[in-house]
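File shown: query_4.cif (mmCIF, C-alpha atoms).
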data_target
#
loop_
_atom_site.label_atom_id
_atom_site.label_comp_id
_atom_site.auth_asym_id
_atom_site.auth_seq_id
_atom_site.Cartn_x
_atom_site.Cartn_y
_atom_site.Cartn_z
CA MET A 16 25.62 -94.46 39.79
CA LYS A 17 27.63 -93.19 36.82
CA THR A 18 27.22 -89.80 35.20
CA PRO A 19 26.29 -90.08 31.50
CA GLN A 20 28.66 -88.44 29.04
CA LEU A 21 27.49 -85.99 26.37
CA TRP A 22 27.00 -86.36 22.66
CA VAL A 23 26.58 -82.95 21.05
CA THR A 24 24.90 -82.37 17.69
CA ILE A 25 26.47 -79.55 15.71
CA ASP A 26 25.30 -77.49 12.75
CA LYS A 27 26.85 -74.69 10.75
CA ARG A 28 24.39 -72.25 12.36
CA GLY A 29 26.19 -72.34 15.71
CA PHE A 30 29.65 -73.81 15.25
CA SER A 31 32.42 -71.92 13.49
CA LYS A 32 36.05 -73.07 13.65
CA GLU A 33 36.40 -71.12 16.88
CA GLY A 34 33.23 -72.77 18.14
CA LEU A 35 34.64 -76.23 17.45
CA LYS A 36 37.79 -75.37 19.36
CA LYS A 37 35.71 -74.14 22.30
CA LEU A 38 33.54 -77.29 22.15
CA LEU A 39 36.56 -79.50 22.80
CA GLU A 40 37.11 -77.74 26.13
CA TYR A 41 33.93 -79.47 27.37
CA ASN A 42 35.39 -83.01 27.11
CA ILE A 43 32.59 -84.13 24.79
CA ALA A 44 32.24 -87.91 24.28
CA GLY A 45 30.72 -87.64 20.80
CA ILE A 46 30.24 -84.95 18.15
CA ARG A 47 27.28 -85.69 15.87
CA MET A 48 26.47 -84.30 12.42
CA ASN A 49 23.27 -85.10 10.54
CA THR A 50 23.55 -85.42 6.75
CA GLY A 51 19.83 -84.65 6.51
CA ARG A 52 20.64 -81.06 7.47
CA CYS A 53 24.37 -80.54 6.91
CA PRO A 54 25.93 -80.27 3.42
CA TYR A 55 28.95 -82.49 2.77
CA THR A 56 31.13 -79.47 1.98
CA TRP A 57 30.63 -78.26 5.55
CA ILE A 58 31.06 -81.77 6.97
CA TYR A 59 34.50 -82.01 5.31
CA GLU A 60 35.48 -78.63 6.78
CA VAL A 61 34.46 -79.81 10.26
CA LEU A 62 36.32 -83.10 9.91
CA GLU A 63 39.49 -81.35 8.78
CA GLU A 64 39.31 -78.94 11.70
CA LEU A 65 38.54 -81.61 14.32
CA SER A 66 41.37 -83.74 12.92
CA ARG A 67 43.72 -80.76 13.18
CA LEU A 68 42.61 -80.30 16.80
CA ASN A 69 43.36 -84.02 17.47
CA TYR A 70 39.80 -84.92 18.41
CA PRO A 71 39.44 -88.75 18.20
CA LEU A 72 37.92 -89.63 14.81
CA SER A 73 36.04 -92.60 16.28
CA GLN A 74 34.09 -90.17 18.48
CA ILE A 75 32.81 -88.20 15.48
CA LEU A 76 29.32 -89.47 14.62
CA LEU A 77 27.89 -89.02 11.12
CA ASP A 78 24.12 -89.64 11.08
CA ILE A 79 23.22 -91.08 7.65
CA GLY A 80 20.16 -92.52 5.93
CA ASN A 81 17.96 -89.63 7.01
CA THR A 82 15.04 -90.15 4.63
CA LYS A 83 12.75 -87.54 6.14
CA PRO A 84 10.99 -85.52 3.41
CA ARG A 85 11.36 -81.77 3.82
CA LEU A 86 9.08 -78.91 2.81
CA HIS A 87 10.06 -76.24 0.33
CA LEU A 88 8.06 -73.20 1.43
CA THR A 89 6.94 -70.61 -1.09
CA GLU A 90 7.93 -68.02 1.54
CA THR A 91 11.57 -69.01 2.08
CA ASN A 92 11.85 -67.03 5.33
CA GLY A 93 9.29 -69.29 6.97
CA MET A 94 5.55 -69.36 7.61
CA GLU A 95 3.85 -68.21 10.80
CA LEU A 96 0.87 -70.30 11.91
CA ASP A 97 -1.85 -69.58 14.45
CA ASN A 98 -4.04 -72.24 16.04
CA GLY A 99 -6.58 -73.00 13.32
CA SER A 100 -4.60 -71.59 10.39
CA LEU A 101 -5.34 -73.21 7.02
CA PHE A 102 -2.47 -73.97 4.63
CA SER A 103 -1.78 -76.32 1.75
CA ILE A 104 0.99 -78.61 0.53
CA SER A 105 1.37 -80.00 -2.98
CA ASP A 106 3.90 -82.01 -4.98
CA GLN A 107 4.41 -79.06 -7.35
CA ALA A 108 4.00 -75.30 -7.47
CA LYS A 109 0.37 -74.21 -7.85
CA ASP A 110 -1.66 -71.08 -7.16
CA GLY A 111 -2.57 -70.85 -3.49
CA VAL A 112 -0.14 -73.58 -2.37
CA ASN A 113 2.04 -72.66 0.63
CA ALA A 114 4.63 -75.42 0.37
CA ILE A 115 5.98 -77.94 -2.14
CA LEU A 116 6.79 -81.51 -1.11
CA PRO A 117 8.47 -83.59 -3.86
CA HIS A 118 7.84 -86.88 -2.07
CA LYS A 119 5.51 -89.35 -3.78
CA ARG A 120 5.02 -91.62 -0.76
CA PHE A 121 3.58 -88.83 1.43
CA PHE A 122 0.70 -88.28 -0.99
CA GLU A 123 0.14 -92.04 -1.32
CA GLU A 124 -0.16 -92.51 2.45
CA VAL A 125 -1.91 -89.37 3.71
CA ASN A 126 -5.65 -89.55 4.39
CA LEU A 127 -8.45 -87.27 5.58
CA ASN A 128 -8.20 -86.55 9.35
CA ASP A 129 -4.59 -87.76 9.59
CA ILE A 130 -2.37 -85.76 11.92
CA VAL A 131 0.66 -84.39 10.09
CA TYR A 132 3.63 -83.25 12.16
CA PHE A 133 6.57 -80.99 11.44
CA GLY A 134 10.08 -81.26 12.83
CA ASP A 135 9.98 -83.61 15.82
CA GLY A 136 6.32 -82.82 16.46
CA GLU A 137 6.68 -79.19 17.58
CA ILE A 138 3.79 -78.29 15.23
CA GLU A 139 0.88 -80.54 14.27
CA ALA A 140 -1.94 -80.10 11.77
CA VAL A 141 -5.02 -82.12 10.83
CA VAL A 142 -5.72 -83.04 7.20
CA GLU A 143 -8.96 -81.42 6.06
CA GLY A 144 -8.74 -82.16 2.35
CA VAL A 145 -6.86 -84.36 -0.12
CA HIS A 146 -7.23 -83.68 -3.83
CA GLN A 147 -4.87 -84.52 -6.73
CA ASN A 148 -1.65 -84.53 -4.68
CA THR A 149 -2.64 -81.36 -2.84
CA VAL A 150 -3.32 -81.57 0.89
CA THR A 151 -5.16 -78.90 2.91
CA LEU A 152 -4.32 -78.78 6.62
CA ARG A 153 -5.54 -76.91 9.68
CA SER A 154 -2.91 -76.11 12.31
CA LEU A 155 -3.59 -77.52 15.78
CA SER A 156 -1.18 -75.08 17.43
CA GLY A 157 0.65 -71.86 16.77
CA GLY A 158 4.26 -71.70 15.67
CA ARG A 159 6.62 -71.01 12.84
CA LEU A 160 7.43 -73.42 10.04
CA GLY A 161 10.97 -72.99 8.77
CA ASN A 162 11.98 -73.71 5.21
CA HIS A 163 13.13 -77.33 4.70
CA VAL A 164 11.41 -78.49 7.91
CA ALA A 165 10.86 -82.27 8.11
CA ILE A 166 7.32 -83.61 7.75
CA GLY A 167 5.69 -86.90 8.76
CA ILE A 168 2.34 -88.58 9.40
CA LYS A 169 1.63 -89.33 13.04
CA GLY A 170 1.16 -92.97 14.02
CA LYS A 171 2.40 -94.35 10.69
CA GLU A 172 5.65 -96.11 9.85
CA PHE A 173 6.33 -93.35 7.39
CA PHE A 174 10.14 -93.60 7.26
CA LYS A 175 12.07 -96.64 6.06
CA PHE A 176 15.72 -97.65 6.24
CA LEU A 177 17.22 -96.51 2.94
CA ILE A 178 20.75 -95.55 1.92
CA ASP A 179 20.96 -95.14 -1.84
CA GLU A 180 23.98 -95.54 -4.11
CA LYS A 181 24.70 -91.81 -4.17
CA GLU A 182 24.82 -91.61 -0.38
CA ILE A 183 26.91 -94.78 -0.15
CA ALA A 184 29.50 -93.20 -2.45
CA GLU A 185 29.49 -89.90 -0.51
CA VAL A 186 29.86 -91.61 2.87
CA ASN A 187 32.64 -93.90 1.68
CA SER A 188 34.46 -90.89 0.26
CA VAL A 189 34.33 -89.32 3.74
CA LEU A 190 35.45 -92.56 5.43
CA HIS A 191 38.38 -92.96 3.04
CA ARG A 192 39.88 -89.77 4.49
CA PHE A 193 38.35 -89.82 7.96
CA PRO A 194 37.48 -93.23 9.51
CA ILE A 195 34.73 -91.86 11.76
CA SER A 196 31.68 -93.59 13.29
CA LEU A 197 28.28 -93.83 11.58
CA ILE A 198 24.76 -93.62 13.01
CA LEU A 199 22.12 -95.40 10.92
CA SER A 200 18.77 -93.60 10.86
CA PHE A 201 15.50 -95.56 10.70
CA ILE A 202 17.18 -98.94 11.19
CA GLU A 203 14.73 -101.85 11.01
CA SER A 204 16.69 -105.01 11.86
CA GLY A 205 20.04 -106.55 12.64
CA ASP A 206 20.35 -107.42 8.94
CA ASN A 207 20.57 -103.68 8.18
CA LEU A 208 23.61 -103.48 10.46
CA VAL A 209 25.27 -106.50 8.86
CA TRP A 210 24.76 -104.87 5.45
CA ALA A 211 26.09 -101.48 6.61
CA LYS A 212 29.26 -102.98 8.09
CA LYS A 213 30.02 -104.59 4.73
CA VAL A 214 29.17 -101.50 2.69
CA PHE A 215 31.13 -99.12 4.97
CA PRO A 216 34.21 -101.18 5.94
CA HIS A 217 36.28 -98.15 7.00
CA ALA A 218 33.77 -96.90 9.61
CA ALA A 219 35.18 -96.85 13.15
CA SER A 220 31.82 -98.19 14.35
CA VAL A 221 28.23 -98.44 13.12
CA ILE A 222 25.54 -97.35 15.60
CA PRO A 223 21.83 -98.06 15.06
CA LYS A 224 19.30 -95.34 15.86
CA ILE A 225 16.15 -96.85 17.36
CA GLU A 226 13.29 -94.61 16.22
CA THR A 227 10.55 -96.79 14.71
CA GLY A 228 8.18 -99.47 15.91
CA THR A 229 9.86 -101.91 13.53
CA ALA A 230 13.21 -101.37 15.25
CA VAL A 231 11.63 -101.92 18.68
CA SER A 232 10.05 -105.17 17.45
CA ASN A 233 13.46 -106.34 16.19
CA ILE A 234 15.55 -104.96 19.06
CA GLU A 235 17.16 -108.31 19.94
CA SER A 236 18.55 -108.80 16.43
CA ILE A 237 19.81 -105.19 16.42
CA LEU A 238 21.50 -105.55 19.82
CA ALA A 239 23.22 -108.74 18.65
CA GLN A 240 25.07 -106.65 16.04
CA SER A 241 25.74 -103.56 18.18
CA ASP A 242 28.20 -102.20 20.72
CA THR A 243 26.21 -98.96 21.18
CA ILE A 244 22.64 -97.95 20.32
CA PHE A 245 21.08 -94.50 20.02
CA VAL A 246 17.43 -94.18 21.06
CA GLY A 247 15.93 -91.33 19.01
CA ARG A 248 12.85 -90.48 21.04
CA GLY A 249 11.46 -87.82 18.72
CA ASP A 250 10.52 -90.03 15.78
CA LEU A 251 10.00 -93.04 18.06
CA GLY A 252 7.32 -91.14 19.98
CA LEU A 253 5.64 -90.08 16.77
CA SER A 254 5.76 -93.62 15.40
CA LEU A 255 4.41 -95.42 18.50
CA GLY A 256 2.71 -92.67 20.49
CA ILE A 257 4.37 -90.33 22.97
CA GLU A 258 2.50 -91.92 25.91
CA LYS A 259 4.43 -95.18 25.33
CA ILE A 260 7.94 -93.72 25.21
CA GLY A 261 8.75 -94.01 28.94
CA ILE A 262 7.95 -97.73 29.10
CA ILE A 263 9.59 -98.53 25.75
CA GLN A 264 12.75 -96.63 26.69
CA LYS A 265 13.02 -98.56 29.96
CA GLU A 266 12.57 -101.89 28.18
CA ILE A 267 15.20 -101.03 25.56
CA ILE A 268 17.70 -99.96 28.24
CA GLN A 269 17.21 -103.20 30.18
CA LYS A 270 17.65 -105.34 27.06
CA ALA A 271 20.70 -103.36 25.91
CA GLN A 272 22.40 -103.63 29.29
CA LYS A 273 21.72 -107.37 29.41
CA ALA A 274 23.35 -107.64 25.97
CA GLY A 275 26.37 -105.59 27.14
CA CYS A 276 25.51 -102.74 24.78
CA LYS A 277 26.05 -99.05 25.57
CA ILE A 278 23.06 -96.70 25.34
CA SER A 279 22.64 -93.11 24.18
CA ILE A 280 19.31 -91.33 24.74
CA GLY A 281 18.39 -88.30 22.66
CA THR A 282 15.70 -85.89 21.45
CA GLY A 283 13.81 -83.65 23.86
CA THR A 284 16.33 -84.02 26.68
CA LEU A 285 16.63 -80.29 27.36
CA ASP A 286 14.59 -78.91 24.47
CA SER A 287 13.22 -76.01 26.52
CA LEU A 288 16.71 -74.46 26.66
CA LYS A 289 16.17 -73.31 23.07
CA TRP A 290 13.84 -70.63 24.43
CA SER A 291 14.33 -70.60 28.21
CA GLN A 292 17.19 -70.12 30.63
CA ILE A 293 15.66 -72.70 33.00
CA PRO A 294 14.81 -76.30 31.98
CA LEU A 295 11.42 -77.82 32.69
CA ARG A 296 10.94 -79.95 35.80
CA ALA A 297 9.92 -82.85 33.54
CA GLU A 298 13.24 -82.62 31.72
CA ILE A 299 15.24 -82.74 34.95
CA ILE A 300 13.22 -85.74 36.16
CA ASP A 301 13.86 -87.40 32.79
CA ILE A 302 17.63 -86.84 33.14
CA THR A 303 17.64 -88.09 36.74
CA ASN A 304 15.80 -91.26 35.73
CA SER A 305 18.30 -91.79 32.89
CA CYS A 306 21.16 -91.48 35.39
CA LEU A 307 19.46 -93.95 37.73
CA GLU A 308 18.98 -96.40 34.86
CA GLY A 309 22.71 -96.26 34.10
CA ILE A 310 22.72 -95.03 30.50
CA ASP A 311 26.09 -94.16 28.99
CA TYR A 312 25.38 -91.05 26.91
CA ILE A 313 22.86 -88.23 26.71
CA ALA A 314 22.63 -86.81 23.21
CA LEU A 315 21.84 -83.14 22.72
CA THR A 316 20.18 -82.79 19.31
CA SER A 317 18.28 -79.65 18.33
CA GLU A 318 19.18 -78.12 21.72
CA THR A 319 22.64 -77.34 20.28
CA ALA A 320 22.23 -77.78 16.51
CA ALA A 321 19.32 -75.34 16.27
CA SER A 322 20.53 -72.92 18.94
CA GLN A 323 22.08 -69.53 18.34
CA HIS A 324 23.80 -69.90 21.74
CA PRO A 325 24.81 -73.59 21.97
CA PHE A 326 27.38 -73.03 24.73
CA LYS A 327 24.75 -71.65 27.10
CA VAL A 328 22.87 -74.90 26.49
CA LEU A 329 26.04 -76.93 27.13
CA ASP A 330 26.81 -75.14 30.37
CA LEU A 331 23.30 -75.75 31.73
CA SER A 332 23.27 -79.33 30.42
CA LEU A 333 26.44 -80.29 32.25
CA ILE A 334 25.08 -78.91 35.51
CA HIS A 335 21.79 -80.79 35.29
CA ILE A 336 23.38 -84.04 34.10
CA SER A 337 26.04 -84.14 36.84
CA GLU A 338 23.87 -82.93 39.73
CA PRO A 339 21.77 -86.12 40.22
CA THR A 340 24.96 -88.20 40.52
CA ARG A 341 26.54 -85.74 42.94
CA LEU A 342 23.47 -85.66 45.19
CA LEU A 343 23.12 -89.43 45.29
CA SER A 344 26.78 -89.82 46.26
CA ILE A 345 26.42 -87.56 49.32
#

Output the structure of this file as C-alpha cells.
Amino acid sequence: MKTPQLWVTIDKRGFSKEGLKKLLEYNIAGIRMNTGRCPYTWIYEVLEELSRLNYPLSQILLDIGNTKPRLHLTETNGMELDNGSLFSISDQAKDGVNAILPHKRFFEEVNLNDIVYFGDGEIEAVVEGVHQNTVTLRSLSGGRLGNHVAIGIKGKEFFKFLIDEKEIAEVNSVLHRFPISLILSFIESGDNLVWAKKVFPHAASVIPKIETGTAVSNIESILAQSDTIFVGRGDLGLSLGIEKIGIIQKEIIQKAQKAGCKISIGTGTLDSLKWSQIPLRAEIIDITNSCLEGIDYIALTSETAASQHPFKVLDLSLIHISEPTRLLSI
C-alpha cells in the first residue's frame, strides 16, 4: 500500500515568504491557490517566490472558475449566529438587511424552506421568507459568518462551469510567465476539459475538480481527458447529499484507477485541526480508507488556507497520513 502525497492549499493569511520557504521543507507534492479567495497580485508574488526557490512550476496548482457567490456583510468583522438566529440577505443595501449578495441566480432559485449553506456547509440556515430579492433565514446552528463567505443552496446544482473572458485573460497572463497547472472548478463534462486545454495552451496540466452531480454523471468522459482528478468533497456532498459521499468517492476512485488516472481527495480531511490539537476518529478512519484504496494525493484545503498555524496542521497531517501505511507494512 502506498502512502498518499500531500497537496497543500495556501492563502495570504498563513503563508509569508518565510512560510513558503518553510513549506518546501515538507516535500509537498502540490501547492494549491484558489482564485476565488486569493487576489492575483498575491498569486504573482507567490509564483515569483516559489520560482526563486526552484519549486517545480508544474506542481503549483491554480484553482480557477470558482463561481461561488460570496456575501458582503454589513458588519465587515463578521456576524455571530446562535441556533435560531434570524438574519436577512438582499441583492442591495436596505434597512435591516445583514448581508448583500449581488448574485441574480441565487434569488431566482431560492424558495421557502430551502436550506442555505455557508462555506462548505459549516453553517446552515432555513429560508423563512422570500420577498422582492430579500431572503429571511433562521440559523440551524451557531457559528460565525465571515465577510465574503461563500453561499449555496443545499441539494441544488447551484454552481456551473464558467470561466469568463476576464478570467481567461488573467490566467493566460499568469501562464505566459509561469507555466503552472490548473484545477477547473465545477467541471461538468470532458468537453469542458477539451475547451480548457485549447484556451490555456501553456498550462503544465489541466485537472478537473469533481464536485457536482453533473460531473459524477459524466465521469467517464472527464476521465478520458484527464491524467489526474481532484474530488472536492465539500461541494459534492452539498450537491448530492453528504450521506452519499462515501459510496460515490469509492466508485470514482475505482473508475479513475481503471482509466489509469491519478486521484486527489480533498475537503474535510482533517478539518478538526482548525480548532483541535487531535483529529477526530472519523477523520483518521477516512484517511486510512483512502490509503487502502490507493489514492495518490490528499489535499489539505481550509485546514491550511484558513489556519493561523498551518505548520501545526501539516505536522499532524503527515503523521496521520503515513501511520496507516507503516502499520500495515509491519

- Message: Taking all atoms listed in the file into account, name the residue in A:Gly93, A:Gly275, A:Pro223, A:Gly45 that is nearest to Gly80 (chain A).
- Response: A:Pro223

- Task: Could you state which residues are captured by the PyMOL selection byres ((chain A and resi 305) around 10) in this file, as a PyMOL selection string?
- Result: chain A and resi 18-19+264-265+268+279-280+299-304+306-313+336+339

- Message: Counting all atoms listed in the file, which residues sit no farther than 8 Å from the position (24.4, -100.8, 13.9) in the file's frame? I'd like them as a list in words.
- Response: Ile198, Leu199, Ile202, Gly205, Asn207, Leu208, Val209, Ala211, Lys212, Ser220, Val221, Ile222, Pro223, Lys224, Ile237, Gln240, Ser241, Asp242, Thr243 and Ile244 of chain A

- Just say which residues the PyMOL selection byres ((chain A and resi 50) around 9) picks in this file, as a PyMOL selection string. chain A and resi 48-49+51-55+58+77-81

- Any chance you could work out the residue set of the PyMOL selection byres ((chain A and resi 187) around 9) here, as a count of residues only? 15

- Query: Hey, what's within 12 Å of region 35-37 of chain A if we count only C-alpha atoms and toss same-chain stuff fewer than 2 positions away? As a ChimeraX atom specification, please?
  - Reply: /A:23-27,29-33,39-43,46,60-70,325-326,329

- CA of Ile257 (chain A) to CA of Val164 (chain A), distance in Å rounded to a single decimal: 20.4 Å
